[in-house]
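Student: Submitted below is the structure of interest, expressed as structure tokens.
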Amino acid sequence: MKSKITVICGHYGCGKTNLALNLAVEAAKSGRRSVIVDMDIVNPYFRSSDYAAFLEKHGVKLIAPVFANTTLDTPVLPPEIYSVFSMEDTDVFIDAGGDDVGATALGRLSAQLTEHGYEMLYVVNRYRILSTKPEETVALLREIETASHLTATAVVNNSHLGVNTTPETVLDAVDFAEKAAELCGLPLLYSTIPDFAAGFEGKADFKVVRRYVHFVWEDEPDF
């Protein structure tokens with residue numbers, strides 16, 4: 001069976017890298033071969049390459065840009081990235097760069113992704129500037145799709161306020177996400193909620209995630 005490829009895209013700071021880490025670790029824990037591809041070759045902050053040791057510990061293979069974790073921003077994709085199209089029985093998660101600028105690199109893979117088949121999750125966060133209204137999320141998605149030459153297949157509501165996220169933070173953003181998905185013409189796959197804010201009775205379409213991504217001034221968690 002050929003690999004299953006999931007692209008995670010969205011606005012800068014929406015939390016797509018943390019979602020990608022969660023999905024990749026979950027796949028590895030389930031016994032699947034798991035690979036995460038860091039295609040965020042523009043933004044030097046909060047990208048999957050920063051968590052190489054963490055991913056190795058959890059059995060997830062990382063394919064990173066040639067200049068990841070350096071001071072260079074040269075957009076070079078490693079030849080190894082094309083190996084995901086020949087992998088068997090593997091869950092591949094592509095952590096795309098933010099907005100249309102970061103998604104441009106995906107355009108180089110659009111033909112192969114289209115031929116192989118993919119899912120593309122559009123991550124929205126009501127609490128991020130420029131995406132506080134459902135209408136704004138549509139404009140951002142169209143820019144990403146144009147730059148990547150790919151089409152999103154579902155919306156993921158990842159509305160959060162970092163460590164200050166509460167159940168109300170997530171619940172208050174559900175209507176926003178439902179409207180955003182409707183305007184985008186896509187299904188709302190689920191809403192995420194951090195494990196430290198979970199444990200409430202609510203709608204069934206919630207996905208509990210762990211906060212793996214942390215700020216540089218925070219103590220590094222031991223996951």
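Order determines the names: the first chain of the structure tokens is A, the second B, and so forth; residues in each chain are numbered 1 upward, and ligands are numbered 1 upward as they are shown.
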Could you give me, as a VMD selection string, the residues within 7 Å of Arg126 in chain A, counting only C-alpha atoms and dropping anything in the same chain fewer than 6 positions from it?
Tutor: chain A and resid 132 159 173
Student: Would you please extract all helix (DSSP H, G or I) residues from range 30-129 of chain A, as assigned by DSSP on the backbone, and give them as a PyMOL selection string?
Tutor: chain A and resi 48-57+79-85+99-116
Student: Store the residues of this selection in a file with C-alpha atoms, as a tab-separated table (two decimals), in the first residue's frame.
Tutor:
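Output (selection_7.tsv):
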```tsv
chain	number	residue	atom	x	y	z
A	48	SER	CA	9.29	20.93	12.66
A	49	SER	CA	13.06	20.96	12.18
A	50	ASP	CA	13.43	22.45	15.66
A	51	TYR	CA	12.13	19.18	17.09
A	52	ALA	CA	14.46	16.68	15.43
A	53	ALA	CA	15.50	15.03	18.71
A	54	PHE	CA	11.90	14.88	19.90
A	55	LEU	CA	10.75	13.26	16.65
A	56	GLU	CA	13.57	10.72	16.70
A	57	LYS	CA	12.68	9.81	20.28
A	79	PRO	CA	16.30	15.49	-2.82
A	80	GLU	CA	15.17	13.11	-0.08
A	81	ILE	CA	11.78	14.81	-0.06
A	82	TYR	CA	10.83	13.06	-3.29
A	83	SER	CA	11.28	9.67	-1.62
A	84	VAL	CA	7.90	10.05	0.12
A	85	PHE	CA	6.18	9.26	-3.17
A	99	ASP	CA	0.54	31.78	4.14
A	100	ASP	CA	1.14	31.94	0.39
A	101	VAL	CA	4.86	32.75	0.71
A	102	GLY	CA	5.57	29.64	2.71
A	103	ALA	CA	3.28	27.51	0.56
A	104	THR	CA	5.10	28.40	-2.64
A	105	ALA	CA	7.60	25.56	-2.13
A	106	LEU	CA	4.69	23.11	-2.27
A	107	GLY	CA	4.16	24.16	-5.86
A	108	ARG	CA	7.31	22.28	-6.80
A	109	LEU	CA	5.66	19.09	-5.59
A	110	SER	CA	2.13	19.78	-6.83
A	111	ALA	CA	2.32	17.49	-9.83
A	112	GLN	CA	3.63	14.56	-7.79
A	113	LEU	CA	1.17	15.20	-4.96
A	114	THR	CA	-1.75	15.35	-7.38
A	115	GLU	CA	-0.68	12.15	-9.09
A	116	HIS	CA	-0.05	10.35	-5.80
```
Student: How far is it from CA of Val163 in chain A to CA of Met39 in chain A, in Å with one decimal?
Tutor: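 Rounded to one decimal, the two atoms are 26.0 Å apart.
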Student: Identify all residues of range 80-208 of chain A in strand (DSSP E or B) (DSSP on the backbone) and supply them as a PyMOL selection string.
Tutor: chain A and resi 88+90-96+119-124+154-157+188-194+206-208
Student: Give me the residues near Asn158 in chain A as a PyMOL selection string, where near means some atom within 12 Å (using only C-alpha atoms) and where sequence neighbours in that chain fewer than 3 positions away do not count.
Tutor: chain A and resi 8-11+13-20+121-128+131+155+161-162+165+169-174+176-177+188-194+206-209+211
Student: Mind writing the picked residues with N, CA and C atoms as a CSV table (one decimal), in the first residue's frame?
Tutor:
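The resulting out.csv:
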```
chain,number,residue,atom,x,y,z
A,8,ILE,N,-0.3,20.0,5.9
A,8,ILE,CA,-0.9,20.9,6.9
A,8,ILE,C,-0.5,22.3,6.6
A,9,CYS,N,-1.4,23.2,6.2
A,9,CYS,CA,-1.1,24.5,5.8
A,9,CYS,C,-2.0,25.5,6.7
A,10,GLY,N,-1.6,26.8,6.6
A,10,GLY,CA,-2.4,27.8,7.3
A,10,GLY,C,-1.7,29.1,7.5
A,11,HIS,N,-2.3,30.0,8.2
A,11,HIS,CA,-1.8,31.3,8.5
A,11,HIS,C,-0.6,31.2,9.5
A,13,GLY,N,1.4,31.3,12.6
A,13,GLY,CA,1.1,31.3,14.0
A,13,GLY,C,-0.3,30.6,14.3
A,14,CYS,N,-0.8,29.9,13.3
A,14,CYS,CA,-2.1,29.2,13.6
A,14,CYS,C,-1.9,28.0,14.4
A,15,GLY,N,-0.7,27.5,14.4
A,15,GLY,CA,-0.5,26.2,15.2
A,15,GLY,C,-0.3,25.0,14.4
A,16,LYS,N,-0.1,25.2,13.1
A,16,LYS,CA,0.0,24.0,12.2
A,16,LYS,C,1.2,23.1,12.5
A,17,THR,N,2.3,23.6,12.9
A,17,THR,CA,3.4,22.8,13.3
A,17,THR,C,3.1,21.9,14.5
A,18,ASN,N,2.5,22.5,15.5
A,18,ASN,CA,2.1,21.6,16.6
A,18,ASN,C,1.1,20.5,16.2
A,19,LEU,N,0.2,20.9,15.3
A,19,LEU,CA,-0.7,19.8,14.9
A,19,LEU,C,0.0,18.8,14.1
A,20,ALA,N,0.9,19.2,13.2
A,20,ALA,CA,1.7,18.2,12.5
A,20,ALA,C,2.5,17.3,13.4
A,121,LEU,N,-5.0,19.8,4.9
A,121,LEU,CA,-5.7,20.4,6.0
A,121,LEU,C,-5.4,21.9,6.2
A,122,TYR,N,-6.4,22.7,6.1
A,122,TYR,CA,-6.3,24.1,6.3
A,122,TYR,C,-6.6,24.5,7.7
A,123,VAL,N,-5.5,24.9,8.5
A,123,VAL,CA,-5.7,25.1,9.9
A,123,VAL,C,-6.0,26.6,10.1
A,124,VAL,N,-7.1,26.8,10.9
A,124,VAL,CA,-7.5,28.2,11.2
A,124,VAL,C,-7.5,28.4,12.7
A,125,ASN,N,-7.2,29.7,13.1
A,125,ASN,CA,-7.1,30.1,14.5
A,125,ASN,C,-7.7,31.4,14.6
A,126,ARG,N,-8.9,31.5,15.2
A,126,ARG,CA,-9.6,32.7,15.4
A,126,ARG,C,-8.9,33.8,16.1
A,127,TYR,N,-7.9,33.4,16.9
A,127,TYR,CA,-7.2,34.4,17.7
A,127,TYR,C,-5.9,34.9,17.1
A,128,ARG,N,-5.7,34.6,15.8
A,128,ARG,CA,-4.5,35.2,15.1
A,128,ARG,C,-4.9,36.4,14.3
A,131,SER,N,-6.9,36.7,10.7
A,131,SER,CA,-7.8,35.6,10.5
A,131,SER,C,-8.9,35.5,11.6
A,155,VAL,N,-11.0,21.7,6.7
A,155,VAL,CA,-10.6,22.7,7.7
A,155,VAL,C,-10.4,22.1,9.1
A,161,LEU,N,-5.1,30.0,22.6
A,161,LEU,CA,-4.3,31.2,23.2
A,161,LEU,C,-3.1,30.6,23.9
A,162,GLY,N,-2.4,29.6,23.3
A,162,GLY,CA,-1.2,29.1,24.0
A,162,GLY,C,-1.6,28.5,25.4
A,165,THR,N,-5.1,28.9,27.0
A,165,THR,CA,-6.2,28.3,26.4
A,165,THR,C,-7.1,27.7,27.5
A,169,THR,N,-12.2,29.1,25.5
A,169,THR,CA,-11.4,29.6,24.4
A,169,THR,C,-11.8,28.8,23.1
A,170,VAL,N,-11.8,27.5,23.3
A,170,VAL,CA,-12.1,26.6,22.1
A,170,VAL,C,-13.6,26.7,21.8
A,171,LEU,N,-14.4,26.6,22.7
A,171,LEU,CA,-15.9,26.6,22.5
A,171,LEU,C,-16.3,27.9,21.8
A,172,ASP,N,-15.8,29.0,22.2
A,172,ASP,CA,-16.2,30.3,21.6
A,172,ASP,C,-15.8,30.4,20.2
A,173,ALA,N,-14.9,29.5,19.7
A,173,ALA,CA,-14.4,29.6,18.3
A,173,ALA,C,-15.1,28.6,17.4
A,174,VAL,N,-15.9,27.8,17.9
A,174,VAL,CA,-16.5,26.7,17.1
A,174,VAL,C,-17.4,27.4,16.0
A,176,PHE,N,-17.2,30.3,14.7
A,176,PHE,CA,-16.3,30.9,13.7
A,176,PHE,C,-15.8,29.9,12.7
A,177,ALA,N,-15.3,28.7,13.3
A,177,ALA,CA,-14.7,27.7,12.4
A,177,ALA,C,-15.8,27.1,11.5
A,188,LEU,N,-15.6,20.8,8.1
A,188,LEU,CA,-14.8,21.1,9.3
A,188,LEU,C,-14.5,19.7,9.9
A,189,LEU,N,-13.2,19.3,9.8
A,189,LEU,CA,-12.8,18.0,10.2
A,189,LEU,C,-12.9,17.8,11.7
A,190,TYR,N,-12.4,18.7,12.5
A,190,TYR,CA,-12.5,18.7,13.9
A,190,TYR,C,-12.0,20.0,14.5
A,191,SER,N,-12.2,20.2,15.8
A,191,SER,CA,-11.6,21.3,16.5
A,191,SER,C,-10.6,20.7,17.5
A,192,THR,N,-9.5,21.3,17.6
A,192,THR,CA,-8.5,20.8,18.6
A,192,THR,C,-8.7,21.5,19.9
A,193,ILE,N,-8.2,20.8,21.0
A,193,ILE,CA,-8.2,21.4,22.3
A,193,ILE,C,-7.0,20.8,23.0
A,194,PRO,N,-6.2,21.7,23.7
A,194,PRO,CA,-5.0,21.2,24.4
A,194,PRO,C,-5.4,20.2,25.5
A,206,PHE,N,-14.2,17.0,18.6
A,206,PHE,CA,-13.0,17.6,19.2
A,206,PHE,C,-11.9,16.6,19.2
A,207,LYS,N,-10.7,17.1,19.0
A,207,LYS,CA,-9.5,16.3,19.0
A,207,LYS,C,-8.5,16.9,20.0
A,208,VAL,N,-8.1,16.1,21.0
A,208,VAL,CA,-7.2,16.5,22.1
A,208,VAL,C,-5.8,16.4,21.5
A,209,VAL,N,-5.1,17.5,21.7
A,209,VAL,CA,-3.7,17.6,21.3
A,209,VAL,C,-2.8,18.0,22.4
A,211,ARG,N,0.7,20.1,23.7
A,211,ARG,CA,1.4,21.3,23.3
A,211,ARG,C,2.9,21.0,23.2
```
Student: Tell me, as a short mmCIF file (atom, residue, chain, number, x, y, z; two decimals) with N, CA and C atoms, in the first residue's frame, which residues lie within 7 Å of Lys4 in chain A, counting only C-alpha atoms; anything in the same chain fewer than 5 positions away does not count.
Tutor:
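Wrote around-v9.cif, looks like this:
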```cif
data_model
loop_
_atom_site.label_atom_id
_atom_site.label_comp_id
_atom_site.auth_asym_id
_atom_site.auth_seq_id
_atom_site.Cartn_x
_atom_site.Cartn_y
_atom_site.Cartn_z
N THR A 90 3.22 4.09 4.78
CA THR A 90 3.79 5.18 5.57
C THR A 90 2.80 6.34 5.63
N ASP A 91 2.70 6.95 6.81
CA ASP A 91 1.93 8.18 6.96
C ASP A 91 2.89 9.35 6.87
N VAL A 92 2.72 10.19 5.87
CA VAL A 92 3.60 11.34 5.63
C VAL A 92 2.84 12.61 5.94
N TYR A 118 -3.47 13.16 -2.06
CA TYR A 118 -3.12 13.82 -0.81
C TYR A 118 -4.36 14.36 -0.13
#
```
Student: Using only C-alpha atoms, which of the listed residues (A:Leu77, A:Val7, A:Val25, A:Ala197) sits closest to Ala64 in chain A?
Tutor: A:Leu77
